[in-house]
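**Student:** Let me give you the structure first, and then I'll get to my questions.
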There are 2 protein chains.
Amino acid sequence: MNISFCCKDDNASLWIGELQTALPQASVTLWQPGAPQADMAVVWAPPQQFFDEQPQLRAIFNVGAGVDALMKLRLPAQALVVRLDDAGMAVQMAEYVCHAVVRHMRHFAAYEADAQTGRWQRQLAPDRSAFPVGVMGLGVLGERVWSRTPKGLSALDCYAGLAALPHFLARCRVLVCLLPLTPDTQGILNRETLGQLKRGAYLINVARGGHLVEDDLLPLLASGQLAGATLDVFRTEPLPPEHPFWRHPQIRVTPHISAGTLPGKSIAQIVDKIGALTRGEPITGIVDRQRGY
Amino acid sequence: MNISFCCKDDNASLWIGELQTALPQASVTLWQPGAPQADMAVVWAPPQQFFDEQPQLRAIFNVGAGVDALMKLRLPAQALVVRLDDAGMAVQMAEYVCHAVVRHMRHFAAYEADAQTGRWQRQLAPDRSAFPVGVMGLGVLGERVWSRTPKGLSALDCYAGLAALPHFLARCRVLVCLLPLTPDTQGILNRETLGQLKRGAYLINVARGGHLVEDDLLPLLASGQLAGATLDVFRTEPLPPEHPFWRHPQIRVTPHISAGTLPGKSIAQIVDKIGALTRGEPITGIVDRQRGY
């Protein structure tokens, strides 16, 4: 079996070495233009040329939770597109989101500002029942985030479909976006939807920059409809140094670090799935190419 | 039954009103010098004069988790000293501690500094197995903190007694102090004990300022033995504006807000306990005055 590795990753040799060690019968190589046909591919943000030259791929393993970049390319029709299940990303995502929720709810930004001037000033204690947290996208990551969100906030009520969206939004004081990016969810965080949140709501986007209409955010903050936002993903990454989000007092920017792919766990999972496919057994994580996730 | 309320609290009238409503047969009054004898007292940091004038108290309810301030006073010998069980403080404490652990482990301070200059720079992802979190004081609050600490860090191993302390400390990369303050634990966070933590450890003190030998902290940070500290409690509170902890780049100061007493839940608990005592039933939370907690 030939496995082609095509990732924008500094650790390519680590990945290839570990895949090769775990699959001694296979030949694992770093893709280069003109490389021989492979049976399986392990990719992250590959160029179109990769797929144009590899029409016989049986399976394409996406290193990461979101396959939106892959879905923009022309892929071999017969190839299974497989995303990672939780490979250590969910715990990171839960940490990140809980940190952001608690930081907002407990006024830690105000305490940090006060520390600069030696000001001992307690903020009003939050009423947890007034902080319902809504998670858009209850997949592998969203479930874990929900289960780790500070308890006593609210029970898990589920809403599905666009028709239910206004009712869902009207209940949220904190909105966490963990949706897959598809044509349906592109720009779903906009003036209209965010305007339906409880006044003074807080936005946490840890999905894709394409979910947020960036130009709508600043007026929502200025009007007080939103109290603030924690953003880990952006339309353009790296976020340009001059972008107004960086230094905005109500916006927290992090450089797309909410949940990183852990090579060890990801490789173990890919190796297991390759084994199952080879034996003709079912695997999880197959992307519905029609749906886009 | 006479219940005397003696607290340094701006909300005295709220407390007295709610206690009175819940206990219509009792007379609930704000203590003033020369007030008539009471059967029960609800107190927070009362003056010695209060107890000198109230020798017949049957029970003293401490509003808060720590009774160290009370234990320094001469109390009526026959009076039960009762502390609050978890009355909404444990969830707050868990939030605070988890926030501090994740903030340190995930480098959020570095990301906040980078945001000021628009610098998109990912920090090294942490290896969770290298971050064992030790909680000193596995009481009502400590248990909850432990159970909410990011999972996958380590299973719960228990150590008890001073003899086990070096072995415990040697395993901790994060140390959380949630001990009661007693003569035995006064100054327990010092050069010697903190020097036994893993090099580059992180300290979180949410118990009492008296646990930490403050003069030992700065040299431990300067030498790299400690990477940083989050401190919510201090020998002198409010922490004086000129205190070096405020602006130290490796120290995070908050104004004793990790877990506040919630009047509603606390009053309900005190009312239940008064009812049980009146009916001669056992109650939880009775302080061992010999032990001091």
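Simple scheme: letters A, B, ... for chains in structure tokens order, numbers from 1 for residues in each chain, numbers from 1 for ligands in the order shown.
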Restrict the calculation to only C-alpha atoms, then for each residue of region 206-266 of chain B with any atom at most 9 Å from an atom of region 112-118 of chain A give the closest atom pair and their distance in Å to one decimal, rows by chain and rising residue number, as a tab-separated table.
**Tutor:**
residue	atom	partner	partner_atom	distance
B:Leu239	CA	A:Gly118	CA	8.0
B:Pro240	CA	A:Gly118	CA	7.3
B:Pro241	CA	A:Gly118	CA	4.3
B:Glu242	CA	A:Gly118	CA	6.8
B:His243	CA	A:Gly118	CA	7.8
B:Phe245	CA	A:Ala115	CA	9.0
B:Trp246	CA	A:Ala115	CA	5.3
B:Arg247	CA	A:Gln116	CA	5.7
B:Arg252	CA	A:Glu112	CA	7.6
B:Val253	CA	A:Ala115	CA	6.5
B:Thr254	CA	A:Ala115	CA	7.6
**Student:** Find the spatial neighbours of Asp86 (chain B), counting only C-alpha atoms, within a cut-off of 12 Å - ignore same-chain residues fewer than 3 positions away - and output them as an NGL selection string.
**Tutor:** :B and (63-66 or 83 or 89-94 or 139-144 or 259-262 or 265-266 or 268-270 or 284-285)
**Student:** I need the residue nearest Arg122 (chain A) from this list: B:Pro36, B:Gly134, B:Pro238, B:Pro282. Use only C-alpha atoms for the distance.
**Tutor:** B:Pro238
**Student:** Have a look at A:Ile286, A:Leu124, A:Met71, A:Leu197 and name the one nearest to chain B; count only C-alpha atoms.
**Tutor:**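 Ranking A:Ile286, A:Leu124, A:Met71, A:Leu197 by distance to chain B, first place goes to A:Leu124.
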**Student:** Could you go through region 77-243 of chain A and tell me which residues DSSP, when run on the backbone, assigns to alpha helix (DSSP H), listing them as a PDB file with N, CA, C and O atoms, in the first residue's frame?
**Tutor:**
ATOM      1  N   MET A  89      -8.344  16.773  20.664  1.00  0.00           N
ATOM      2  CA  MET A  89      -8.744  18.164  20.406  1.00  0.00           C
ATOM      3  C   MET A  89      -9.888  18.595  21.321  1.00  0.00           C
ATOM      4  O   MET A  89      -9.985  19.762  21.681  1.00  0.00           O
ATOM      5  N   ALA A  90     -10.762  17.670  21.668  1.00  0.00           N
ATOM      6  CA  ALA A  90     -11.961  18.062  22.420  1.00  0.00           C
ATOM      7  C   ALA A  90     -11.588  18.610  23.795  1.00  0.00           C
ATOM      8  O   ALA A  90     -12.161  19.598  24.251  1.00  0.00           O
ATOM      9  N   VAL A  91     -10.626  17.983  24.459  1.00  0.00           N
ATOM     10  CA  VAL A  91     -10.259  18.469  25.792  1.00  0.00           C
ATOM     11  C   VAL A  91      -9.653  19.863  25.691  1.00  0.00           C
ATOM     12  O   VAL A  91      -9.920  20.740  26.515  1.00  0.00           O
ATOM     13  N   GLN A  92      -8.869  20.083  24.624  1.00  0.00           N
ATOM     14  CA  GLN A  92      -8.299  21.418  24.445  1.00  0.00           C
ATOM     15  C   GLN A  92      -9.397  22.450  24.189  1.00  0.00           C
ATOM     16  O   GLN A  92      -9.362  23.571  24.696  1.00  0.00           O
ATOM     17  N   MET A  93     -10.354  22.061  23.350  1.00  0.00           N
ATOM     18  CA  MET A  93     -11.440  22.967  23.017  1.00  0.00           C
ATOM     19  C   MET A  93     -12.262  23.302  24.267  1.00  0.00           C
ATOM     20  O   MET A  93     -12.665  24.452  24.474  1.00  0.00           O
ATOM     21  N   ALA A  94     -12.515  22.281  25.077  1.00  0.00           N
ATOM     22  CA  ALA A  94     -13.274  22.506  26.308  1.00  0.00           C
ATOM     23  C   ALA A  94     -12.514  23.443  27.244  1.00  0.00           C
ATOM     24  O   ALA A  94     -13.095  24.355  27.833  1.00  0.00           O
ATOM     25  N   GLU A  95     -11.217  23.233  27.375  1.00  0.00           N
ATOM     26  CA  GLU A  95     -10.393  24.128  28.201  1.00  0.00           C
ATOM     27  C   GLU A  95     -10.505  25.570  27.705  1.00  0.00           C
ATOM     28  O   GLU A  95     -10.718  26.497  28.477  1.00  0.00           O
ATOM     29  N   TYR A  96     -10.336  25.724  26.397  1.00  0.00           N
ATOM     30  CA  TYR A  96     -10.322  27.065  25.814  1.00  0.00           C
ATOM     31  C   TYR A  96     -11.652  27.778  26.062  1.00  0.00           C
ATOM     32  O   TYR A  96     -11.692  28.929  26.495  1.00  0.00           O
ATOM     33  N   VAL A  97     -12.744  27.076  25.757  1.00  0.00           N
ATOM     34  CA  VAL A  97     -14.062  27.710  25.858  1.00  0.00           C
ATOM     35  C   VAL A  97     -14.411  27.991  27.325  1.00  0.00           C
ATOM     36  O   VAL A  97     -14.892  29.082  27.659  1.00  0.00           O
ATOM     37  N   CYS A  98     -14.151  27.040  28.202  1.00  0.00           N
ATOM     38  CA  CYS A  98     -14.451  27.276  29.624  1.00  0.00           C
ATOM     39  C   CYS A  98     -13.637  28.446  30.154  1.00  0.00           C
ATOM     40  O   CYS A  98     -14.139  29.267  30.925  1.00  0.00           O
ATOM     41  N   HIS A  99     -12.377  28.505  29.739  1.00  0.00           N
ATOM     42  CA  HIS A  99     -11.542  29.628  30.159  1.00  0.00           C
ATOM     43  C   HIS A  99     -12.162  30.948  29.714  1.00  0.00           C
ATOM     44  O   HIS A  99     -12.250  31.907  30.491  1.00  0.00           O
ATOM     45  N   ALA A 100     -12.626  30.988  28.476  1.00  0.00           N
ATOM     46  CA  ALA A 100     -13.204  32.225  27.951  1.00  0.00           C
ATOM     47  C   ALA A 100     -14.512  32.580  28.666  1.00  0.00           C
ATOM     48  O   ALA A 100     -14.764  33.746  28.980  1.00  0.00           O
ATOM     49  N   VAL A 101     -15.337  31.574  28.935  1.00  0.00           N
ATOM     50  CA  VAL A 101     -16.618  31.838  29.616  1.00  0.00           C
ATOM     51  C   VAL A 101     -16.363  32.363  31.030  1.00  0.00           C
ATOM     52  O   VAL A 101     -16.934  33.380  31.448  1.00  0.00           O
ATOM     53  N   VAL A 102     -15.485  31.684  31.760  1.00  0.00           N
ATOM     54  CA  VAL A 102     -15.225  32.092  33.144  1.00  0.00           C
ATOM     55  C   VAL A 102     -14.544  33.464  33.183  1.00  0.00           C
ATOM     56  O   VAL A 102     -14.869  34.308  34.015  1.00  0.00           O
ATOM     57  N   ARG A 103     -13.634  33.686  32.243  1.00  0.00           N
ATOM     58  CA  ARG A 103     -12.952  34.982  32.209  1.00  0.00           C
ATOM     59  C   ARG A 103     -13.966  36.117  32.043  1.00  0.00           C
ATOM     60  O   ARG A 103     -13.859  37.153  32.696  1.00  0.00           O
ATOM     61  N   HIS A 104     -14.960  35.893  31.193  1.00  0.00           N
ATOM     62  CA  HIS A 104     -15.973  36.924  30.990  1.00  0.00           C
ATOM     63  C   HIS A 104     -16.912  37.020  32.200  1.00  0.00           C
ATOM     64  O   HIS A 104     -17.114  38.090  32.762  1.00  0.00           O
ATOM     65  N   MET A 105     -17.444  35.885  32.606  1.00  0.00           N
ATOM     66  CA  MET A 105     -18.467  35.881  33.663  1.00  0.00           C
ATOM     67  C   MET A 105     -17.906  36.383  34.994  1.00  0.00           C
ATOM     68  O   MET A 105     -18.610  37.049  35.751  1.00  0.00           O
ATOM     69  N   PHE A 108     -12.482  38.706  34.941  1.00  0.00           N
ATOM     70  CA  PHE A 108     -11.029  38.647  35.130  1.00  0.00           C
ATOM     71  C   PHE A 108     -10.292  39.752  34.369  1.00  0.00           C
ATOM     72  O   PHE A 108      -9.224  40.183  34.793  1.00  0.00           O
ATOM     73  N   ALA A 109     -10.852  40.218  33.262  1.00  0.00           N
ATOM     74  CA  ALA A 109     -10.190  41.309  32.541  1.00  0.00           C
ATOM     75  C   ALA A 109     -10.152  42.562  33.413  1.00  0.00           C
ATOM     76  O   ALA A 109      -9.144  43.280  33.451  1.00  0.00           O
ATOM     77  N   ALA A 110     -11.241  42.825  34.134  1.00  0.00           N
ATOM     78  CA  ALA A 110     -11.270  43.997  35.013  1.00  0.00           C
ATOM     79  C   ALA A 110     -10.253  43.847  36.146  1.00  0.00           C
ATOM     80  O   ALA A 110      -9.560  44.808  36.509  1.00  0.00           O
ATOM     81  N   TYR A 111     -10.143  42.637  36.692  1.00  0.00           N
ATOM     82  CA  TYR A 111      -9.159  42.439  37.766  1.00  0.00           C
ATOM     83  C   TYR A 111      -7.733  42.621  37.253  1.00  0.00           C
ATOM     84  O   TYR A 111      -6.871  43.159  37.948  1.00  0.00           O
ATOM     85  N   GLU A 112      -7.486  42.181  36.022  1.00  0.00           N
ATOM     86  CA  GLU A 112      -6.139  42.349  35.461  1.00  0.00           C
ATOM     87  C   GLU A 112      -5.825  43.828  35.254  1.00  0.00           C
ATOM     88  O   GLU A 112      -4.704  44.267  35.504  1.00  0.00           O
ATOM     89  N   ALA A 113      -6.825  44.584  34.793  1.00  0.00           N
ATOM     90  CA  ALA A 113      -6.604  46.023  34.623  1.00  0.00           C
ATOM     91  C   ALA A 113      -6.360  46.681  35.978  1.00  0.00           C
ATOM     92  O   ALA A 113      -5.455  47.512  36.135  1.00  0.00           O
ATOM     93  N   ASP A 114      -7.140  46.292  36.998  1.00  0.00           N
ATOM     94  CA  ASP A 114      -6.968  46.876  38.329  1.00  0.00           C
ATOM     95  C   ASP A 114      -5.593  46.571  38.910  1.00  0.00           C
ATOM     96  O   ASP A 114      -5.022  47.380  39.651  1.00  0.00           O
ATOM     97  N   ALA A 115      -5.060  45.395  38.589  1.00  0.00           N
ATOM     98  CA  ALA A 115      -3.756  45.009  39.154  1.00  0.00           C
ATOM     99  C   ALA A 115      -2.659  45.962  38.698  1.00  0.00           C
ATOM    100  O   ALA A 115      -1.682  46.183  39.416  1.00  0.00           O
ATOM    101  N   GLN A 116      -2.830  46.542  37.518  1.00  0.00           N
ATOM    102  CA  GLN A 116      -1.803  47.460  37.013  1.00  0.00           C
ATOM    103  C   GLN A 116      -1.690  48.708  37.875  1.00  0.00           C
ATOM    104  O   GLN A 116      -0.643  49.350  37.908  1.00  0.00           O
ATOM    105  N   VAL A 140     -18.484  16.281  17.920  1.00  0.00           N
ATOM    106  CA  VAL A 140     -17.508  15.679  18.835  1.00  0.00           C
ATOM    107  C   VAL A 140     -16.935  16.737  19.774  1.00  0.00           C
ATOM    108  O   VAL A 140     -16.789  16.514  20.974  1.00  0.00           O
ATOM    109  N   LEU A 141     -16.605  17.908  19.228  1.00  0.00           N
ATOM    110  CA  LEU A 141     -16.016  18.958  20.057  1.00  0.00           C
ATOM    111  C   LEU A 141     -17.083  19.659  20.887  1.00  0.00           C
ATOM    112  O   LEU A 141     -16.895  19.926  22.070  1.00  0.00           O
ATOM    113  N   GLY A 142     -18.214  19.966  20.273  1.00  0.00           N
ATOM    114  CA  GLY A 142     -19.266  20.703  20.970  1.00  0.00           C
ATOM    115  C   GLY A 142     -19.807  19.963  22.171  1.00  0.00           C
ATOM    116  O   GLY A 142     -20.096  20.550  23.213  1.00  0.00           O
ATOM    117  N   GLU A 143     -19.931  18.649  22.048  1.00  0.00           N
ATOM    118  CA  GLU A 143     -20.437  17.873  23.183  1.00  0.00           C
ATOM    119  C   GLU A 143     -19.526  17.973  24.380  1.00  0.00           C
ATOM    120  O   GLU A 143     -19.960  18.107  25.512  1.00  0.00           O
ATOM    121  N   ARG A 144     -18.230  17.876  24.114  1.00  0.00           N
ATOM    122  CA  ARG A 144     -17.271  17.941  25.205  1.00  0.00           C
ATOM    123  C   ARG A 144     -17.265  19.331  25.820  1.00  0.00           C
ATOM    124  O   ARG A 144     -17.179  19.489  27.036  1.00  0.00           O
ATOM    125  N   VAL A 145     -17.340  20.343  24.966  1.00  0.00           N
ATOM    126  CA  VAL A 145     -17.374  21.712  25.474  1.00  0.00           C
ATOM    127  C   VAL A 145     -18.591  21.885  26.361  1.00  0.00           C
ATOM    128  O   VAL A 145     -18.510  22.421  27.464  1.00  0.00           O
ATOM    129  N   TRP A 146     -19.729  21.390  25.890  1.00  0.00           N
ATOM    130  CA  TRP A 146     -20.921  21.566  26.679  1.00  0.00           C
ATOM    131  C   TRP A 146     -20.759  20.869  28.031  1.00  0.00           C
ATOM    132  O   TRP A 146     -21.086  21.415  29.088  1.00  0.00           O
ATOM    133  N   SER A 147     -20.225  19.644  27.982  1.00  0.00           N
ATOM    134  CA  SER A 147     -20.165  18.870  29.228  1.00  0.00           C
ATOM    135  C   SER A 147     -19.198  19.480  30.225  1.00  0.00           C
ATOM    136  O   SER A 147     -19.257  19.170  31.408  1.00  0.00           O
ATOM    137  N   ARG A 148     -18.288  20.334  29.768  1.00  0.00           N
ATOM    138  CA  ARG A 148     -17.326  20.956  30.682  1.00  0.00           C
ATOM    139  C   ARG A 148     -17.692  22.394  31.023  1.00  0.00           C
ATOM    140  O   ARG A 148     -16.996  23.033  31.810  1.00  0.00           O
ATOM    141  N   LEU A 165     -33.540  28.579  15.141  1.00  0.00           N
ATOM    142  CA  LEU A 165     -32.418  29.443  15.496  1.00  0.00           C
ATOM    143  C   LEU A 165     -32.821  30.671  16.334  1.00  0.00           C
ATOM    144  O   LEU A 165     -32.188  30.942  17.364  1.00  0.00           O
ATOM    145  N   PRO A 166     -33.862  31.416  15.943  1.00  0.00           N
ATOM    146  CA  PRO A 166     -34.205  32.601  16.743  1.00  0.00           C
ATOM    147  C   PRO A 166     -34.537  32.254  18.190  1.00  0.00           C
ATOM    148  O   PRO A 166     -34.107  32.961  19.114  1.00  0.00           O
ATOM    149  N   HIS A 167     -35.247  31.169  18.392  1.00  0.00           N
ATOM    150  CA  HIS A 167     -35.621  30.771  19.751  1.00  0.00           C
ATOM    151  C   HIS A 167     -34.381  30.418  20.568  1.00  0.00           C
ATOM    152  O   HIS A 167     -34.258  30.789  21.742  1.00  0.00           O
ATOM    153  N   PHE A 168     -33.461  29.703  19.914  1.00  0.00           N
ATOM    154  CA  PHE A 168     -32.195  29.347  20.560  1.00  0.00           C
ATOM    155  C   PHE A 168     -31.413  30.611  20.923  1.00  0.00           C
ATOM    156  O   PHE A 168     -30.984  30.789  22.065  1.00  0.00           O
ATOM    157  N   LEU A 169     -31.244  31.493  19.944  1.00  0.00           N
ATOM    158  CA  LEU A 169     -30.418  32.686  20.156  1.00  0.00           C
ATOM    159  C   LEU A 169     -30.980  33.564  21.269  1.00  0.00           C
ATOM    160  O   LEU A 169     -30.240  34.128  22.068  1.00  0.00           O
ATOM    161  N   ALA A 170     -32.304  33.657  21.320  1.00  0.00           N
ATOM    162  CA  ALA A 170     -32.938  34.551  22.301  1.00  0.00           C
ATOM    163  C   ALA A 170     -32.645  34.123  23.737  1.00  0.00           C
ATOM    164  O   ALA A 170     -32.794  34.912  24.663  1.00  0.00           O
ATOM    165  N   ARG A 171     -32.232  32.876  23.907  1.00  0.00           N
ATOM    166  CA  ARG A 171     -31.965  32.377  25.266  1.00  0.00           C
ATOM    167  C   ARG A 171     -30.504  32.495  25.686  1.00  0.00           C
ATOM    168  O   ARG A 171     -30.173  32.219  26.833  1.00  0.00           O
ATOM    169  N   ARG A 191     -25.058  40.458  11.865  1.00  0.00           N
ATOM    170  CA  ARG A 191     -25.832  41.471  12.582  1.00  0.00           C
ATOM    171  C   ARG A 191     -27.205  40.954  13.004  1.00  0.00           C
ATOM    172  O   ARG A 191     -27.657  41.189  14.107  1.00  0.00           O
ATOM    173  N   GLU A 192     -27.823  40.223  12.083  1.00  0.00           N
ATOM    174  CA  GLU A 192     -29.184  39.766  12.364  1.00  0.00           C
ATOM    175  C   GLU A 192     -29.206  38.683  13.444  1.00  0.00           C
ATOM    176  O   GLU A 192     -29.944  38.782  14.428  1.00  0.00           O
ATOM    177  N   THR A 193     -28.376  37.661  13.277  1.00  0.00           N
ATOM    178  CA  THR A 193     -28.409  36.558  14.252  1.00  0.00           C
ATOM    179  C   THR A 193     -27.860  37.015  15.605  1.00  0.00           C
ATOM    180  O   THR A 193     -28.465  36.748  16.648  1.00  0.00           O
ATOM    181  N   LEU A 194     -26.738  37.721  15.596  1.00  0.00           N
ATOM    182  CA  LEU A 194     -26.159  38.157  16.875  1.00  0.00           C
ATOM    183  C   LEU A 194     -27.062  39.184  17.557  1.00  0.00           C
ATOM    184  O   LEU A 194     -27.050  39.315  18.782  1.00  0.00           O
ATOM    185  N   GLU A 214     -17.253  39.756   9.731  1.00  0.00           N
ATOM    186  CA  GLU A 214     -16.385  40.551  10.608  1.00  0.00           C
ATOM    187  C   GLU A 214     -16.829  42.001  10.697  1.00  0.00           C
ATOM    188  O   GLU A 214     -16.730  42.620  11.753  1.00  0.00           O
ATOM    189  N   ASP A 215     -17.323  42.547   9.597  1.00  0.00           N
ATOM    190  CA  ASP A 215     -17.719  43.956   9.611  1.00  0.00           C
ATOM    191  C   ASP A 215     -18.921  44.216  10.504  1.00  0.00           C
ATOM    192  O   ASP A 215     -19.179  45.356  10.886  1.00  0.00           O
ATOM    193  N   ASP A 216     -19.681  43.186  10.817  1.00  0.00           N
ATOM    194  CA  ASP A 216     -20.859  43.380  11.671  1.00  0.00           C
ATOM    195  C   ASP A 216     -20.492  43.425  13.157  1.00  0.00           C
ATOM    196  O   ASP A 216     -21.299  43.875  13.982  1.00  0.00           O
ATOM    197  N   LEU A 217     -19.298  42.935  13.504  1.00  0.00           N
ATOM    198  CA  LEU A 217     -18.987  42.780  14.931  1.00  0.00           C
ATOM    199  C   LEU A 217     -18.812  44.125  15.641  1.00  0.00           C
ATOM    200  O   LEU A 217     -19.376  44.332  16.727  1.00  0.00           O
ATOM    201  N   LEU A 218     -18.045  45.037  15.040  1.00  0.00           N
ATOM    202  CA  LEU A 218     -17.740  46.282  15.746  1.00  0.00           C
ATOM    203  C   LEU A 218     -18.998  47.088  16.086  1.00  0.00           C
ATOM    204  O   LEU A 218     -19.145  47.548  17.221  1.00  0.00           O
ATOM    205  N   PRO A 219     -19.959  47.248  15.127  1.00  0.00           N
ATOM    206  CA  PRO A 219     -21.199  47.972  15.505  1.00  0.00           C
ATOM    207  C   PRO A 219     -21.987  47.272  16.611  1.00  0.00           C
ATOM    208  O   PRO A 219     -22.578  47.945  17.466  1.00  0.00           O
ATOM    209  N   LEU A 220     -21.963  45.933  16.645  1.00  0.00           N
ATOM    210  CA  LEU A 220     -22.687  45.207  17.698  1.00  0.00           C
ATOM    211  C   LEU A 220     -22.049  45.462  19.060  1.00  0.00           C
ATOM    212  O   LEU A 220     -22.745  45.520  20.083  1.00  0.00           O
ATOM    213  N   LEU A 221     -20.732  45.602  19.092  1.00  0.00           N
ATOM    214  CA  LEU A 221     -20.040  45.924  20.346  1.00  0.00           C
ATOM    215  C   LEU A 221     -20.306  47.374  20.731  1.00  0.00           C
ATOM    216  O   LEU A 221     -20.547  47.689  21.902  1.00  0.00           O
ATOM    217  N   ALA A 222     -20.267  48.254  19.735  1.00  0.00           N
ATOM    218  CA  ALA A 222     -20.451  49.688  20.023  1.00  0.00           C
ATOM    219  C   ALA A 222     -21.845  49.961  20.582  1.00  0.00           C
ATOM    220  O   ALA A 222     -22.017  50.816  21.454  1.00  0.00           O
TER     221      ALA A 222
END
**Student:** Restricting the calculation to only C-alpha atoms: of B:Leu226, B:Leu231, B:Ala125, B:Cys6, which residue gets closest to chain A?
**Tutor:**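 Once distances to chain A are computed over only C-alpha atoms, the minimum belongs to B:Ala125.
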**Student:** Nearest to Ile267 (chain A): which of A:Leu30, A:Cys7, A:Leu179, A:Ala87 is it, counting only C-alpha atoms?
**Tutor:**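 The closest residue to Ile267 (chain A) is A:Ala87.
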**Student:** Choose the residue, out of B:Pro263, B:Pro255, B:Gly187, B:Pro249, that has the smallest atom-to-atom separation from Val233 (chain B); count only C-alpha atoms.
**Tutor:** B:Pro255
**Student:** Could you jot down the CA of Arg235 (chain A) to CA of Val213 (chain A) separation for me, Å, one decimal place?
**Tutor:**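 Atom-to-atom, CA of Arg235 (chain A) and CA of Val213 (chain A) are spaced 8.8 Å apart.
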**Student:** Quick one: everything within 10 Å of Ile283 (chain A), counting only C-alpha atoms, minus sequence neighbours fewer than 2 positions away in the same chain. Send it as a VMD selection string.
**Tutor:** chain A and resid 82 272 to 277 280 to 281 285 to 286
**Student:** Choose the residue, out of A:Thr21, A:Gln123, A:Lys72, A:Lys198, that has the smallest atom-to-atom separation from chain B; count only C-alpha atoms.
**Tutor:**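 Of A:Thr21, A:Gln123, A:Lys72, A:Lys198, the one nearest chain B, counting only C-alpha atoms, is A:Gln123.
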**Student:** Can you list, as an MDAnalysis selection string, every residue of region 105-264 of chain A that DSSP puts in strand (DSSP E)?
**Tutor:** chainID A and resid 133:136 174:177 201:205 226:231 251:253
**Student:** Next, dump the selected residues to file, keeping only N, CA, C and O atoms, as a compact mmCIF listing (two decimals), in the first residue's frame.
**Tutor:**
# COMPACT_ATOMS: atom_id res chain seq x y z
N VAL A 133 -25.40 29.37 28.36
CA VAL A 133 -24.38 29.24 27.33
C VAL A 133 -24.95 28.40 26.19
O VAL A 133 -25.40 27.27 26.41
N GLY A 134 -24.95 28.95 25.00
CA GLY A 134 -25.42 28.21 23.83
C GLY A 134 -24.26 27.76 22.98
O GLY A 134 -23.37 28.55 22.67
N VAL A 135 -24.25 26.48 22.63
CA VAL A 135 -23.20 25.94 21.77
C VAL A 135 -23.83 25.61 20.41
O VAL A 135 -24.74 24.78 20.33
N MET A 136 -23.39 26.30 19.37
CA MET A 136 -23.85 25.98 18.02
C MET A 136 -22.93 24.93 17.46
O MET A 136 -21.74 25.18 17.26
N VAL A 174 -24.23 33.67 26.37
CA VAL A 174 -22.92 33.37 25.78
C VAL A 174 -23.18 32.45 24.59
O VAL A 174 -23.93 31.48 24.72
N LEU A 175 -22.60 32.79 23.44
CA LEU A 175 -22.78 31.96 22.24
C LEU A 175 -21.43 31.42 21.81
O LEU A 175 -20.49 32.19 21.58
N VAL A 176 -21.34 30.09 21.73
CA VAL A 176 -20.10 29.43 21.30
C VAL A 176 -20.34 28.84 19.92
O VAL A 176 -21.26 28.04 19.75
N CYS A 177 -19.53 29.23 18.95
CA CYS A 177 -19.69 28.67 17.60
C CYS A 177 -18.66 27.56 17.38
O CYS A 177 -17.46 27.79 17.45
N ALA A 201 -24.70 40.10 25.29
CA ALA A 201 -24.20 38.73 25.18
C ALA A 201 -22.72 38.72 24.82
O ALA A 201 -22.14 39.74 24.43
N TYR A 202 -22.16 37.53 24.95
CA TYR A 202 -20.72 37.34 24.68
C TYR A 202 -20.56 36.27 23.62
O TYR A 202 -21.21 35.23 23.69
N LEU A 203 -19.70 36.54 22.64
CA LEU A 203 -19.50 35.62 21.52
C LEU A 203 -18.14 34.93 21.61
O LEU A 203 -17.13 35.58 21.88
N ILE A 204 -18.14 33.61 21.42
CA ILE A 204 -16.88 32.85 21.37
C ILE A 204 -16.88 32.08 20.05
O ILE A 204 -17.71 31.19 19.84
N ASN A 205 -15.97 32.45 19.13
CA ASN A 205 -15.89 31.72 17.86
C ASN A 205 -14.60 30.92 17.80
O ASN A 205 -13.50 31.46 17.75
N LEU A 226 -23.57 43.34 22.02
CA LEU A 226 -22.58 42.37 22.48
C LEU A 226 -21.68 43.05 23.51
O LEU A 226 -21.26 44.20 23.34
N ALA A 227 -21.38 42.31 24.59
CA ALA A 227 -20.47 42.83 25.61
C ALA A 227 -19.01 42.59 25.23
O ALA A 227 -18.11 43.30 25.68
N GLY A 228 -18.79 41.56 24.39
CA GLY A 228 -17.42 41.26 24.01
C GLY A 228 -17.36 39.99 23.20
O GLY A 228 -18.39 39.34 22.95
N ALA A 229 -16.15 39.65 22.77
CA ALA A 229 -15.97 38.45 21.96
C ALA A 229 -14.58 37.89 22.17
O ALA A 229 -13.62 38.64 22.34
N THR A 230 -14.51 36.57 22.18
CA THR A 230 -13.23 35.87 22.13
C THR A 230 -13.19 35.15 20.79
O THR A 230 -14.07 34.34 20.49
N LEU A 231 -12.19 35.48 19.98
CA LEU A 231 -12.10 34.95 18.63
C LEU A 231 -10.76 34.24 18.44
O LEU A 231 -9.71 34.81 18.70
N ILE A 251 -12.50 42.77 22.52
CA ILE A 251 -12.23 41.57 21.72
C ILE A 251 -10.93 40.92 22.18
O ILE A 251 -9.93 41.59 22.36
N ARG A 252 -11.01 39.63 22.40
CA ARG A 252 -9.81 38.86 22.72
C ARG A 252 -9.46 38.03 21.50
O ARG A 252 -10.28 37.27 21.01
N VAL A 253 -8.23 38.18 21.01
CA VAL A 253 -7.76 37.46 19.83
C VAL A 253 -6.73 36.43 20.26
O VAL A 253 -5.82 36.74 21.02
